file protein.txt (compact mmCIF, C-alpha atoms and all ligand atoms)
# COMPACT_ATOMS: atom_id res chain seq x y z
CA MET A 1094 6.73 96.37 72.99
CA VAL A 1095 6.13 96.13 76.73
CA SER A 1096 3.41 93.61 77.45
CA CYS A 1097 2.31 91.19 80.10
CA ASP A 1098 0.27 88.02 80.37
CA LEU A 1099 -1.76 89.00 83.40
CA LEU A 1100 -2.59 92.42 84.82
CA ILE A 1101 -4.07 92.68 88.31
CA GLU A 1102 -5.80 96.02 88.73
CA ASN A 1103 -7.52 97.94 91.53
CA ALA A 1104 -5.61 96.09 94.22
CA ARG A 1105 -4.55 97.19 97.66
CA LEU A 1106 -1.18 95.55 98.01
CA ALA A 1107 0.55 94.27 101.10
CA THR A 1108 3.86 93.80 99.30
CA MET A 1109 5.68 92.79 102.54
CA ASP A 1110 8.56 94.67 100.95
CA GLY A 1111 9.28 98.03 102.55
CA SER A 1112 11.53 99.13 99.73
CA GLU A 1113 8.64 99.26 97.23
CA SER A 1114 6.32 101.30 99.44
CA GLY A 1115 8.46 103.74 101.41
CA ASN A 1116 8.31 101.55 104.49
CA LEU A 1117 4.58 101.69 105.17
CA PRO A 1118 3.30 98.86 107.40
CA TYR A 1119 2.85 95.67 105.38
CA GLY A 1120 4.65 97.42 102.49
CA GLU A 1121 1.24 98.82 101.54
CA ILE A 1122 0.51 100.29 98.11
CA ALA A 1123 -3.08 101.48 97.62
CA ASN A 1124 -4.78 101.75 94.18
CA ALA A 1125 -2.18 99.42 92.80
CA ALA A 1126 -1.56 97.18 89.83
CA VAL A 1127 0.69 94.17 89.38
CA ALA A 1128 1.81 93.08 85.92
CA ILE A 1129 2.90 89.51 85.40
CA SER A 1130 4.80 88.02 82.50
CA GLY A 1131 5.18 84.26 82.49
CA ASP A 1132 5.68 83.28 86.11
CA ARG A 1133 7.30 86.56 87.22
CA ILE A 1134 6.14 89.96 88.41
CA VAL A 1135 7.37 92.56 85.91
CA TRP A 1136 5.76 95.69 87.32
CA VAL A 1137 4.31 96.72 90.71
CA GLY A 1138 3.02 100.18 91.61
CA ILE A 1139 0.25 102.74 91.70
CA MET A 1140 -2.30 102.30 88.90
CA SER A 1141 -1.87 105.89 87.73
CA GLU A 1142 1.81 105.18 87.01
CA LEU A 1143 1.19 101.98 85.05
CA PRO A 1144 2.92 102.23 81.66
CA SER A 1145 0.21 102.35 78.99
CA GLY A 1146 1.85 99.55 77.02
CA LEU A 1147 1.32 97.19 79.94
CA ARG A 1148 -2.37 98.04 80.19
CA GLU A 1149 -3.00 97.70 76.47
CA GLY A 1150 -0.78 94.72 75.93
CA ALA A 1151 -2.15 92.64 78.81
CA GLY A 1152 -3.28 89.19 77.72
CA ASN A 1153 -5.60 88.72 80.69
CA SER A 1154 -6.74 90.88 83.55
CA LEU A 1155 -8.06 90.41 87.04
CA ASP A 1156 -10.00 93.23 88.68
CA ALA A 1157 -9.29 92.97 92.40
CA ARG A 1158 -12.08 95.50 93.10
CA GLY A 1159 -10.14 97.17 95.88
CA ARG A 1160 -9.37 93.91 97.65
CA TRP A 1161 -6.15 93.35 99.59
CA VAL A 1162 -3.56 91.30 97.73
CA THR A 1163 -0.63 89.70 99.56
CA PRO A 1164 2.19 87.42 98.47
CA GLY A 1165 0.98 83.81 98.35
CA LEU A 1166 1.41 82.29 101.80
CA ILE A 1167 4.34 79.96 102.46
CA ASP A 1168 3.92 77.12 104.95
CA CYS A 1169 7.58 76.29 105.52
CA HIS A 1170 7.18 73.41 108.05
CA THR A 1171 4.62 70.62 107.60
CA HIS A 1172 4.42 66.88 107.98
CA LEU A 1173 1.36 66.61 105.76
CA VAL A 1174 2.05 63.16 104.31
CA PHE A 1175 0.92 60.53 106.84
CA ALA A 1176 -1.79 57.91 107.27
CA GLY A 1177 -4.55 57.79 109.84
CA ASN A 1178 -4.91 60.23 112.67
CA ARG A 1179 -4.51 60.35 116.44
CA ALA A 1180 -7.94 61.53 117.57
CA SER A 1181 -8.13 58.64 120.04
CA GLU A 1182 -4.87 59.80 121.65
CA PHE A 1183 -6.35 63.28 121.83
CA GLU A 1184 -9.22 61.80 123.84
CA MET A 1185 -6.74 59.97 126.10
CA ARG A 1186 -4.86 63.18 126.72
CA LEU A 1187 -8.09 64.95 127.60
CA ARG A 1188 -8.72 62.22 130.15
CA GLY A 1189 -5.34 62.96 131.72
CA ALA A 1190 -2.70 60.89 129.90
CA THR A 1191 0.43 62.79 128.85
CA TYR A 1192 2.04 62.84 125.39
CA GLU A 1193 5.07 60.99 126.86
CA GLU A 1194 2.93 58.29 128.55
CA ILE A 1195 1.06 57.66 125.31
CA ALA A 1196 4.37 57.41 123.45
CA ARG A 1197 5.76 54.93 126.01
CA GLY A 1198 2.62 52.81 125.56
CA GLY A 1199 3.34 52.38 121.84
CA GLY A 1200 1.27 55.36 120.69
CA GLY A 1201 2.55 58.72 119.56
CA ILE A 1202 4.83 58.93 116.53
CA ALA A 1203 5.09 55.10 116.53
CA SER A 1204 1.37 54.73 115.89
CA THR A 1205 1.53 57.04 112.86
CA VAL A 1206 4.59 55.11 111.68
CA ARG A 1207 2.59 51.85 111.80
CA ALA A 1208 -0.31 53.42 109.88
CA THR A 1209 1.99 55.04 107.31
CA ARG A 1210 3.93 51.84 106.65
CA ALA A 1211 0.65 49.97 106.16
CA ALA A 1212 -0.85 52.53 103.76
CA THR A 1213 -0.54 52.26 99.99
CA ASP A 1214 1.03 55.08 97.99
CA GLU A 1215 -2.42 55.93 96.68
CA GLU A 1216 -3.86 56.16 100.18
CA LEU A 1217 -0.99 58.38 101.34
CA PHE A 1218 -1.43 60.56 98.28
CA SER A 1219 -5.18 60.99 98.57
CA GLU A 1220 -5.14 61.78 102.30
CA ALA A 1221 -2.32 64.30 101.89
CA SER A 1222 -3.99 65.74 98.81
CA LYS A 1223 -7.05 66.80 100.83
CA ARG A 1224 -4.88 68.56 103.38
CA LEU A 1225 -2.85 70.28 100.68
CA SER A 1226 -6.01 71.43 98.86
CA THR A 1227 -7.22 72.97 102.11
CA LEU A 1228 -3.94 74.86 102.51
CA GLY A 1229 -4.19 76.03 98.89
CA SER A 1230 -7.75 77.28 99.37
CA LEU A 1231 -6.44 79.36 102.29
CA GLY A 1232 -3.89 81.18 100.15
CA VAL A 1233 -0.84 78.90 100.44
CA THR A 1234 1.23 78.80 97.24
CA THR A 1235 4.44 77.24 98.61
CA VAL A 1236 4.66 74.42 101.11
CA GLU A 1237 7.39 72.31 102.64
CA VAL A 1238 6.68 68.64 103.40
CA LYS A 1239 8.79 66.36 105.58
CA SER A 1240 9.15 62.60 105.67
CA GLY A 1241 9.69 60.94 109.04
CA TYR A 1242 6.72 58.63 109.56
CA GLY A 1243 8.36 55.74 107.69
CA LEU A 1244 11.60 55.25 109.62
CA ASP A 1245 12.51 52.44 107.25
CA THR A 1246 14.16 53.05 103.91
CA GLU A 1247 11.26 52.07 101.68
CA THR A 1248 8.59 53.99 103.55
CA GLU A 1249 10.74 57.11 103.85
CA LEU A 1250 11.31 56.98 100.09
CA ARG A 1251 7.60 56.39 99.46
CA MET A 1252 6.62 59.40 101.59
CA LEU A 1253 9.00 61.64 99.65
CA ARG A 1254 7.81 60.31 96.28
CA VAL A 1255 4.22 61.00 97.33
CA ALA A 1256 5.25 64.51 98.36
CA ARG A 1257 6.97 65.11 95.00
CA ARG A 1258 3.84 63.89 93.20
CA LEU A 1259 1.69 66.28 95.27
CA GLY A 1260 3.89 69.08 93.99
CA THR A 1261 3.29 68.12 90.38
CA GLU A 1262 -0.48 67.62 90.71
CA HIS A 1263 -1.34 70.65 92.85
CA PRO A 1264 -0.93 74.33 91.99
CA VAL A 1265 1.76 74.85 94.64
CA THR A 1266 5.51 74.95 94.80
CA LEU A 1267 6.50 72.08 97.04
CA ARG A 1268 9.82 71.53 98.81
CA THR A 1269 10.63 68.23 100.48
CA THR A 1270 12.71 67.54 103.57
CA PHE A 1271 14.08 64.16 104.63
CA LEU A 1272 13.37 63.59 108.34
CA GLY A 1273 14.61 60.05 108.89
CA ALA A 1274 15.91 61.26 112.27
CA HIS A 1275 12.41 62.01 113.56
CA ALA A 1276 12.30 59.12 116.01
CA LEU A 1277 14.15 55.89 116.58
CA ALA A 1278 12.62 53.17 114.37
CA PRO A 1279 10.99 50.47 116.55
CA GLU A 1280 13.29 47.79 115.05
CA TYR A 1281 16.28 49.71 116.42
CA ALA A 1282 14.94 50.37 119.94
CA ASP A 1283 18.17 48.99 121.41
CA ASP A 1284 20.54 50.12 118.71
CA ARG A 1285 20.64 53.89 118.30
CA SER A 1286 23.88 53.93 116.35
CA GLY A 1287 22.59 51.16 114.08
CA TYR A 1288 19.60 53.32 113.18
CA LEU A 1289 21.81 56.35 112.56
CA ASP A 1290 24.03 54.19 110.31
CA LEU A 1291 20.91 53.29 108.34
CA VAL A 1292 19.88 56.95 108.04
CA CYS A 1293 23.36 58.18 107.04
CA ASP A 1294 24.68 55.28 104.97
CA THR A 1295 21.55 53.99 103.26
CA MET A 1296 18.61 56.36 103.45
CA ILE A 1297 20.42 59.62 102.63
CA PRO A 1298 22.21 58.18 99.59
CA ARG A 1299 19.00 56.58 98.29
CA VAL A 1300 16.97 59.75 98.87
CA THR A 1301 19.51 61.98 97.15
CA ASP A 1302 20.28 59.57 94.30
CA GLU A 1303 16.58 59.74 93.43
CA GLY A 1304 16.47 63.51 93.92
CA LEU A 1305 13.68 63.17 96.44
CA ALA A 1306 14.70 65.79 99.01
CA ASP A 1307 15.70 69.43 99.03
CA GLY A 1308 16.66 69.49 102.69
CA ILE A 1309 17.37 67.41 105.75
CA ASP A 1310 15.86 67.78 109.22
CA ALA A 1311 16.35 66.08 112.59
CA PHE A 1312 14.43 66.14 115.87
CA CYS A 1313 16.96 67.29 118.47
CA GLU A 1314 15.31 66.50 121.80
CA GLY A 1315 15.61 64.42 124.95
CA ILE A 1316 12.96 62.03 123.59
CA ALA A 1317 14.54 61.91 120.13
CA PHE A 1318 18.18 62.57 119.10
CA THR A 1319 21.11 64.28 120.84
CA PRO A 1320 22.91 67.25 119.26
CA GLU A 1321 25.87 64.95 118.46
CA GLU A 1322 23.60 62.44 116.72
CA CYS A 1323 21.88 65.23 114.77
CA GLU A 1324 25.25 66.62 113.73
CA ARG A 1325 26.21 63.29 112.26
CA VAL A 1326 23.00 63.20 110.23
CA PHE A 1327 23.52 66.79 109.07
CA ALA A 1328 27.09 66.07 107.98
CA ALA A 1329 25.87 63.17 105.84
CA GLY A 1330 23.10 65.34 104.39
CA THR A 1331 25.39 68.27 103.66
CA ARG A 1332 27.81 66.00 101.80
CA ARG A 1333 24.88 65.15 99.54
CA GLY A 1334 23.89 68.78 98.99
CA LEU A 1335 20.91 69.00 101.32
CA SER A 1336 20.16 72.19 103.23
CA ILE A 1337 19.68 71.82 106.96
CA ARG A 1338 16.60 72.33 109.13
CA ILE A 1339 16.26 71.35 112.77
CA HIS A 1340 13.49 70.70 115.31
CA ALA A 1341 15.19 72.49 118.19
CA ASP A 1342 14.51 73.04 121.87
CA GLN A 1343 10.78 72.27 121.65
CA LEU A 1344 10.36 70.45 124.98
CA SER A 1345 13.71 71.15 126.68
CA ASP A 1346 16.90 73.15 126.13
CA CYS A 1347 19.20 70.75 124.28
CA GLY A 1348 21.38 73.40 122.69
CA GLY A 1349 19.45 73.04 119.44
CA ALA A 1350 19.51 76.74 118.60
CA ALA A 1351 23.31 76.92 118.93
CA LEU A 1352 23.66 73.73 116.93
CA ALA A 1353 21.54 75.24 114.14
CA ALA A 1354 23.82 78.27 114.00
CA ARG A 1355 26.97 76.13 114.11
CA VAL A 1356 25.98 73.91 111.20
CA GLY A 1357 24.58 76.79 109.13
CA ALA A 1358 20.98 75.58 109.25
CA MET A 1359 18.37 77.47 107.25
CA SER A 1360 16.15 77.41 110.32
CA ALA A 1361 15.76 76.29 113.90
CA ASP A 1362 12.14 75.35 114.50
CA HIS A 1363 10.01 75.47 117.70
CA LEU A 1364 12.60 77.06 120.09
CA GLU A 1365 10.34 77.23 123.17
CA TYR A 1366 13.26 76.33 125.45
CA ALA A 1367 16.06 77.98 123.46
CA SER A 1368 18.61 79.77 125.64
CA GLU A 1369 19.72 83.38 125.29
CA ALA A 1370 23.15 82.13 124.17
CA GLY A 1371 21.49 79.98 121.51
CA ILE A 1372 19.52 82.95 120.20
CA GLN A 1373 22.68 85.07 120.15
CA ALA A 1374 24.43 82.40 118.13
CA MET A 1375 21.52 82.35 115.68
CA ALA A 1376 21.73 86.13 115.35
CA LYS A 1377 25.33 85.80 114.14
CA SER A 1378 24.33 83.20 111.58
CA GLU A 1379 21.87 83.12 108.67
CA THR A 1380 19.48 80.88 110.61
CA THR A 1381 15.81 81.90 110.76
CA ALA A 1382 13.58 81.07 113.75
CA VAL A 1383 10.46 79.11 112.76
CA LEU A 1384 7.78 79.34 115.43
CA LEU A 1385 5.12 76.64 115.50
CA PRO A 1386 2.34 77.83 117.78
CA GLY A 1387 0.01 74.99 116.73
CA ALA A 1388 2.13 72.41 118.58
CA PHE A 1389 2.45 74.68 121.61
CA TYR A 1390 -1.34 75.10 121.67
CA PHE A 1391 -2.29 71.49 121.02
CA LEU A 1392 0.12 70.06 123.61
CA ARG A 1393 -0.91 72.77 126.07
CA GLU A 1394 2.70 73.81 126.56
CA GLN A 1395 3.41 76.55 129.08
CA LYS A 1396 6.73 78.02 128.00
CA ALA A 1397 6.51 80.32 124.98
CA PRO A 1398 9.55 80.80 122.74
CA PRO A 1399 11.79 83.79 123.56
CA VAL A 1400 10.21 86.19 121.08
CA ASP A 1401 11.64 89.31 122.75
CA ALA A 1402 15.17 87.92 122.52
CA LEU A 1403 14.63 87.00 118.86
CA ARG A 1404 13.47 90.56 118.18
CA LEU A 1405 16.24 92.13 120.27
CA HIS A 1406 18.96 90.21 118.45
CA GLY A 1407 17.35 90.66 115.04
CA VAL A 1408 16.69 86.99 114.27
CA PRO A 1409 14.05 86.78 111.50
CA ILE A 1410 10.89 84.96 112.60
CA ALA A 1411 8.85 82.66 110.37
CA ILE A 1412 5.55 80.98 111.32
CA ALA A 1413 4.30 77.61 110.09
CA THR A 1414 1.48 75.16 110.78
CA ASP A 1415 3.66 72.10 111.65
CA LEU A 1416 0.64 70.22 110.26
CA ASN A 1417 0.95 66.70 111.71
CA PRO A 1418 -1.36 64.18 113.38
CA GLY A 1419 0.26 64.12 116.81
CA SER A 1420 1.16 67.58 118.02
CA SER A 1421 -0.35 70.02 115.53
CA PRO A 1422 -3.40 68.95 113.54
CA ILE A 1423 -3.66 72.53 112.27
CA ASN A 1424 -4.71 72.63 108.63
CA SER A 1425 -4.77 76.43 108.33
CA PRO A 1426 -1.99 79.01 107.94
CA LEU A 1427 -4.35 81.70 109.24
CA THR A 1428 -5.06 79.76 112.42
CA ALA A 1429 -1.31 79.39 112.98
CA MET A 1430 -0.92 83.15 112.50
CA ASN A 1431 -3.70 83.82 115.00
CA MET A 1432 -2.03 81.53 117.52
CA ALA A 1433 1.34 83.23 116.95
CA CYS A 1434 -0.29 86.53 117.92
CA VAL A 1435 -2.44 85.31 120.82
CA LEU A 1436 -0.01 82.81 122.35
CA PHE A 1437 3.40 84.24 121.43
CA GLY A 1438 2.63 87.96 121.26
CA LEU A 1439 3.56 88.57 117.63
CA SER A 1440 1.93 91.49 115.86
CA PRO A 1441 -0.34 90.59 112.93
CA GLU A 1442 2.25 92.20 110.66
CA GLU A 1443 5.01 90.01 112.12
CA ALA A 1444 2.75 86.97 111.69
CA LEU A 1445 2.07 87.75 108.03
CA CYS A 1446 5.76 88.45 107.45
CA GLY A 1447 6.41 85.07 109.10
CA MET A 1448 4.11 83.31 106.62
CA THR A 1449 5.52 85.13 103.60
CA ARG A 1450 8.85 86.93 103.42
CA ASN A 1451 10.65 85.16 106.28
CA ALA A 1452 9.24 81.75 105.37
CA ALA A 1453 10.72 82.22 101.89
CA LYS A 1454 14.14 82.75 103.47
CA VAL A 1455 13.81 79.42 105.31
CA LEU A 1456 13.27 77.66 101.99
CA GLY A 1457 16.18 79.43 100.29
CA MET A 1458 13.82 81.66 98.30
CA ALA A 1459 14.53 85.04 99.90
CA GLY A 1460 13.36 87.83 97.61
CA GLU A 1461 12.10 85.29 95.07
CA ARG A 1462 8.89 84.53 96.95
CA GLY A 1463 7.03 85.95 99.90
CA VAL A 1464 7.27 89.54 98.62
CA LEU A 1465 5.57 91.38 95.79
CA ARG A 1466 8.37 93.02 93.87
CA VAL A 1467 9.65 93.24 90.33
CA GLY A 1468 11.43 90.01 89.49
CA SER A 1469 9.80 87.90 92.18
CA TYR A 1470 7.71 84.85 91.42
CA ALA A 1471 4.06 85.65 90.63
CA ASP A 1472 2.42 83.98 93.64
CA LEU A 1473 -0.35 86.10 95.13
CA ALA A 1474 -3.46 85.77 97.26
CA VAL A 1475 -6.55 88.01 97.07
CA TRP A 1476 -8.48 88.51 100.31
CA ASN A 1477 -11.93 89.77 101.23
CA ILE A 1478 -10.80 91.72 104.29
CA GLY A 1479 -10.73 95.36 105.35
CA HIS A 1480 -7.14 95.24 106.62
CA PRO A 1481 -4.33 92.63 106.65
CA SER A 1482 -4.48 92.41 110.45
CA GLU A 1483 -7.72 90.47 109.87
CA LEU A 1484 -5.68 87.57 108.49
CA SER A 1485 -4.47 86.98 112.07
CA TYR A 1486 -7.69 88.07 113.75
CA TRP A 1487 -10.47 85.75 112.60
CA VAL A 1488 -10.43 82.17 113.83
CA GLY A 1489 -12.10 79.92 111.27
CA GLY A 1490 -13.69 81.03 108.03
CA ASN A 1491 -11.83 81.68 104.81
CA PRO A 1492 -11.47 85.17 103.37
CA CYS A 1493 -9.28 83.98 100.46
CA GLU A 1494 -11.02 84.84 97.19
CA ALA A 1495 -8.41 84.00 94.61
CA VAL A 1496 -4.87 82.73 94.28
CA VAL A 1497 -2.38 83.36 91.52
CA GLN A 1498 0.37 80.75 91.41
CA GLY A 1499 3.30 81.19 89.06
CA GLY A 1500 1.22 83.66 87.03
CA ALA A 1501 -1.81 81.33 86.70
CA VAL A 1502 -5.13 82.37 88.25
CA ILE A 1503 -6.36 79.47 90.36
CA ASN A 1504 -9.66 80.73 91.65
CA ARG A 1505 -11.10 83.76 89.90
CA ILE A 1506 -12.49 86.52 92.04
CA ASP A 1507 -15.30 87.35 89.60
CA GLN A 1508 -16.74 83.87 89.95
CA ARG A 1509 -17.39 84.52 93.63
CA HIS A 1510 -19.91 86.88 95.20
N1 LIG B 1601 7.97 67.61 116.91
C1 LIG B 1601 6.66 67.50 117.03
O1 LIG B 1601 5.96 68.18 117.73
C2 LIG B 1601 6.21 66.48 116.10
N2 LIG B 1601 7.43 66.01 115.54
C3 LIG B 1601 8.39 66.70 116.02
O2 LIG B 1601 9.54 66.51 115.66
C4 LIG B 1601 5.44 65.38 116.71
C5 LIG B 1601 4.93 64.50 115.65
C6 LIG B 1601 3.96 63.48 116.15
O3 LIG B 1601 3.61 63.40 117.35
O4 LIG B 1601 3.47 62.72 115.28
FE FE B 1602 7.55 69.44 113.01
call {"tool": "encode", "arguments": {"input": "protein.txt", "output": "structure tokens"}}
result
Amino acid sequence: MVSCDLLIENARLATMDGSESGNLPYGEIANAAVAISGDRIVWVGIMSELPSGLREGAGNSLDARGRWVTPGLIDCHTHLVFAGNRASEFEMRLRGATYEEIARGGGGIASTVRATRAATDEELFSEASKRLSTLGSLGVTTVEVKSGYGLDTETELRMLRVARRLGTEHPVTLRTTFLGAHALAPEYADDRSGYLDLVCDTMIPRVTDEGLADGIDAFCEGIAFTPEECERVFAAGTRRGLSIRIHADQLSDCGGAALAARVGAMSADHLEYASEAGIQAMAKSETTAVLLPGAFYFLREQKAPPVDALRLHGVPIAIATDLNPGSSPINSPLTAMNMACVLFGLSPEEALCGMTRNAAKVLGMAGERGVLRVGSYADLAVWNIGHPSELSYWVGGNPCEAVVQGGAVINRIDQRH
């Protein structure tokens, strides 16, 4: 007999999957139901077409009362494990100091590295846990977390272990990325190649032997690592089965976009200064553009990423928070979507697609997550809004009423008013 474990009824779906809805904006299906068996969606469609066996055989049901239901949000680029914060540097910047001056004075990433090295595992876990709970309450069901505030073997490993533990103790799917090449460790200030040896010959083998990372990332930038240095790190990561991400062309054009395409990266992230040639190279590859408007906003950058060129050449666009203490203390996917619209000119539909369907592609989960379709993972968010454009419209507040993660209801709608 056909049956399901959870039936969501009376929903207005934004499936983010044109093929299920005849290409309506947001992949909309009104008066809809979603049937879930185990952790998968087994039926999606108009209520009146729901097979009677599914209605009668449902173990549990959730009446969405006409609310909009979207795929669970996917924050595909965060640095949410770190200790301390940089509010004092924020004050310095408001008094006129620049990000680079603060970094040269021993602040910046180095100050978070000091705090992270000094923190216990428990402290790292509990601080990150609060941030992750906030993301979850705002509809996030999948999140990526990077290391990169340790810059020594033990602390990098500790950050990734904390991230893995977050994934087991929170109702989210969590992917980890090793970012040893985030900045030069202070001990190696005069020995760049020595630090890269450490990353490639010691850290990557230790990280992968322990199964602590799904991907590898590097900060390709004048103030960080050159494309050649990044390529070396990527080669070592690829040999160990890690998928590639890259912080590319955030503050200057270093050829990061072209590098991403050349090495088959899942994504090139930031891209404010990416060249037309770089975007064209990405278009010929499978590399997704991840835009991080929070960092652009918080650092008061002036040059927006080349969104028109990305659209023209058909490069998929994802959006993420970049949640980190230095350049993007943005603990909300919805705020990042708002900024993507206001600062970068995305449409609210592009922004939502960037936090769902295209973000899934970045994490190697295309079609599996970020869309509501038969066979996809049962991650959904229920919203008290009149239209999905409101997810990018309001700044502050939280319209998320319930989340379903892997078929489990996390926050029941009928317990709220
Ligand atoms: N790009 C950024 O904007 C952050 N890291 C990166 O690679 C900065 C992180 C920080 O300032 O702590
Ligand atoms: Fe980042």
call {"tool": "residues_near_ligand", "arguments": {"input": "protein.txt", "ligand": "ligand FE 1602 (chain B)", "cutoff": "10 Å", "atoms": "all atoms listed in the file", "output": "count of residues only"}}
result
28
call {"tool": "closest_residue", "arguments": {"input": "protein.txt", "among": "A:Ser1425, A:Ser1345, A:Thr1301, A:Thr1234", "to": "ligand LIG 1601 (chain B)", "atoms": "all atoms listed in the file"}}
result
A:Ser1345
call {"tool": "atom_distance", "arguments": {"input": "protein.txt", "atom1": "CA of Val1162 in chain A", "atom2": "CA of Met1458 in chain A"}}
result
19.9 Å
call {"tool": "atom_distance", "arguments": {"input": "protein.txt", "atom1": "CA of Leu1217 in chain A", "atom2": "CA of Glu1184 in chain A"}}
result
24.2 Å
call {"tool": "residues_around", "arguments": {"input": "protein.txt", "residues": "Leu1344 in chain A", "least_positions_apart": "4", "cutoff": "12 Å", "atoms": "only C-alpha atoms", "output": "ChimeraX atom specification"}}
result
/A:1192-1193,1312-1317,1340,1348-1349,1362-1367,1388-1389,1392-1398,1420
call {"tool": "closest_residue", "arguments": {"input": "protein.txt", "among": "A:Ala1459, A:Val1464, A:Met1296, A:Leu1439", "to": "Val1326 in chain A", "atoms": "all atoms listed in the file"}}
result
A:Met1296
call {"tool": "atom_distance", "arguments": {"input": "protein.txt", "atom1": "CA of Glu1483 in chain A", "atom2": "CA of Cys1434 in chain A"}}
result
11.6 Å
call {"tool": "closest_residue", "arguments": {"input": "protein.txt", "among": "A:Val1475, A:Ile1139, A:Leu1445, A:Ile1195", "to": "ligand LIG 1601 (chain B)", "atoms": "all atoms listed in the file"}}
result
A:Ile1195
call {"tool": "residues_around", "arguments": {"input": "protein.txt", "residues": "Glu1262 in chain A", "least_positions_apart": "3", "cutoff": "12 Å", "atoms": "only C-alpha atoms", "output": "MDAnalysis selection string"}}
result
chainID A and resid 1218:1219 1221:1222 1225:1226 1255:1259 1265:1267
call {"tool": "closest_residue", "arguments": {"input": "protein.txt", "among": "A:Ile1167, A:Ala1376, A:Ile1297, A:Val1174", "to": "Leu1231 in chain A", "atoms": "only C-alpha atoms"}}
result
A:Ile1167
call {"tool": "residues_near_point", "arguments": {"input": "protein.txt", "point": "(11.2, 56.1, 106.4)", "cutoff": "12 Å", "atoms": "all atoms listed in the file", "output": "PDB file with C-alpha atoms, in the frame of the given file"}}
result
ATOM      1  CA  VAL A1174       2.050  63.160 104.310  1.00  0.00           C
ATOM      2  CA  PHE A1175       0.920  60.530 106.840  1.00  0.00           C
ATOM      3  CA  ALA A1203       5.090  55.100 116.530  1.00  0.00           C
ATOM      4  CA  THR A1205       1.530  57.040 112.860  1.00  0.00           C
ATOM      5  CA  VAL A1206       4.590  55.110 111.680  1.00  0.00           C
ATOM      6  CA  ARG A1207       2.590  51.850 111.800  1.00  0.00           C
ATOM      7  CA  THR A1209       1.990  55.040 107.310  1.00  0.00           C
ATOM      8  CA  ARG A1210       3.930  51.840 106.650  1.00  0.00           C
ATOM      9  CA  LYS A1239       8.790  66.360 105.580  1.00  0.00           C
ATOM     10  CA  SER A1240       9.150  62.600 105.670  1.00  0.00           C
ATOM     11  CA  GLY A1241       9.690  60.940 109.040  1.00  0.00           C
ATOM     12  CA  TYR A1242       6.720  58.630 109.560  1.00  0.00           C
ATOM     13  CA  GLY A1243       8.360  55.740 107.690  1.00  0.00           C
ATOM     14  CA  LEU A1244      11.600  55.250 109.620  1.00  0.00           C
ATOM     15  CA  ASP A1245      12.510  52.440 107.250  1.00  0.00           C
ATOM     16  CA  THR A1246      14.160  53.050 103.910  1.00  0.00           C
ATOM     17  CA  GLU A1247      11.260  52.070 101.680  1.00  0.00           C
ATOM     18  CA  THR A1248       8.590  53.990 103.550  1.00  0.00           C
ATOM     19  CA  GLU A1249      10.740  57.110 103.850  1.00  0.00           C
ATOM     20  CA  LEU A1250      11.310  56.980 100.090  1.00  0.00           C
ATOM     21  CA  ARG A1251       7.600  56.390  99.460  1.00  0.00           C
ATOM     22  CA  MET A1252       6.620  59.400 101.590  1.00  0.00           C
ATOM     23  CA  LEU A1253       9.000  61.640  99.650  1.00  0.00           C
ATOM     24  CA  ARG A1254       7.810  60.310  96.280  1.00  0.00           C
ATOM     25  CA  THR A1270      12.710  67.540 103.570  1.00  0.00           C
ATOM     26  CA  PHE A1271      14.080  64.160 104.630  1.00  0.00           C
ATOM     27  CA  LEU A1272      13.370  63.590 108.340  1.00  0.00           C
ATOM     28  CA  GLY A1273      14.610  60.050 108.890  1.00  0.00           C
ATOM     29  CA  ALA A1274      15.910  61.260 112.270  1.00  0.00           C
ATOM     30  CA  HIS A1275      12.410  62.010 113.560  1.00  0.00           C
ATOM     31  CA  ALA A1276      12.300  59.120 116.010  1.00  0.00           C
ATOM     32  CA  LEU A1277      14.150  55.890 116.580  1.00  0.00           C
ATOM     33  CA  ALA A1278      12.620  53.170 114.370  1.00  0.00           C
ATOM     34  CA  PRO A1279      10.990  50.470 116.550  1.00  0.00           C
ATOM     35  CA  TYR A1288      19.600  53.320 113.180  1.00  0.00           C
ATOM     36  CA  LEU A1291      20.910  53.290 108.340  1.00  0.00           C
ATOM     37  CA  VAL A1292      19.880  56.950 108.040  1.00  0.00           C
ATOM     38  CA  THR A1295      21.550  53.990 103.260  1.00  0.00           C
ATOM     39  CA  MET A1296      18.610  56.360 103.450  1.00  0.00           C
ATOM     40  CA  ILE A1297      20.420  59.620 102.630  1.00  0.00           C
ATOM     41  CA  ARG A1299      19.000  56.580  98.290  1.00  0.00           C
ATOM     42  CA  VAL A1300      16.970  59.750  98.870  1.00  0.00           C
TER      43      VAL A1300
END
call {"tool": "closest_residue", "arguments": {"input": "protein.txt", "among": "A:Ser1141, A:Asn1124, A:Ser1286, A:Asn1116", "to": "Ala1157 in chain A", "atoms": "all atoms listed in the file"}}
result
A:Asn1124
call {"tool": "closest_residue", "arguments": {"input": "protein.txt", "among": "A:Leu1335, A:Met1109, A:Ile1410, A:Ala1126", "to": "Gly1304 in chain A", "atoms": "all atoms listed in the file"}}
result
A:Leu1335
call {"tool": "residues_near_point", "arguments": {"input": "protein.txt", "point": "(-0.2, 95.0, 76.0)", "cutoff": "8 Å", "atoms": "all atoms listed in the file", "output": "short mmCIF file (atom, residue, chain, number, x, y, z; two decimals) with C-alpha atoms, keeping the file's coordinate frame"}}
result
data_model
loop_
_atom_site.label_atom_id
_atom_site.label_comp_id
_atom_site.auth_asym_id
_atom_site.auth_seq_id
_atom_site.Cartn_x
_atom_site.Cartn_y
_atom_site.Cartn_z
CA MET A 1094 6.73 96.37 72.99
CA VAL A 1095 6.13 96.13 76.73
CA SER A 1096 3.41 93.61 77.45
CA CYS A 1097 2.31 91.19 80.10
CA SER A 1145 0.21 102.35 78.99
CA GLY A 1146 1.85 99.55 77.02
CA LEU A 1147 1.32 97.19 79.94
CA ARG A 1148 -2.37 98.04 80.19
CA GLU A 1149 -3.00 97.70 76.47
CA GLY A 1150 -0.78 94.72 75.93
CA ALA A 1151 -2.15 92.64 78.81
CA GLY A 1152 -3.28 89.19 77.72
#
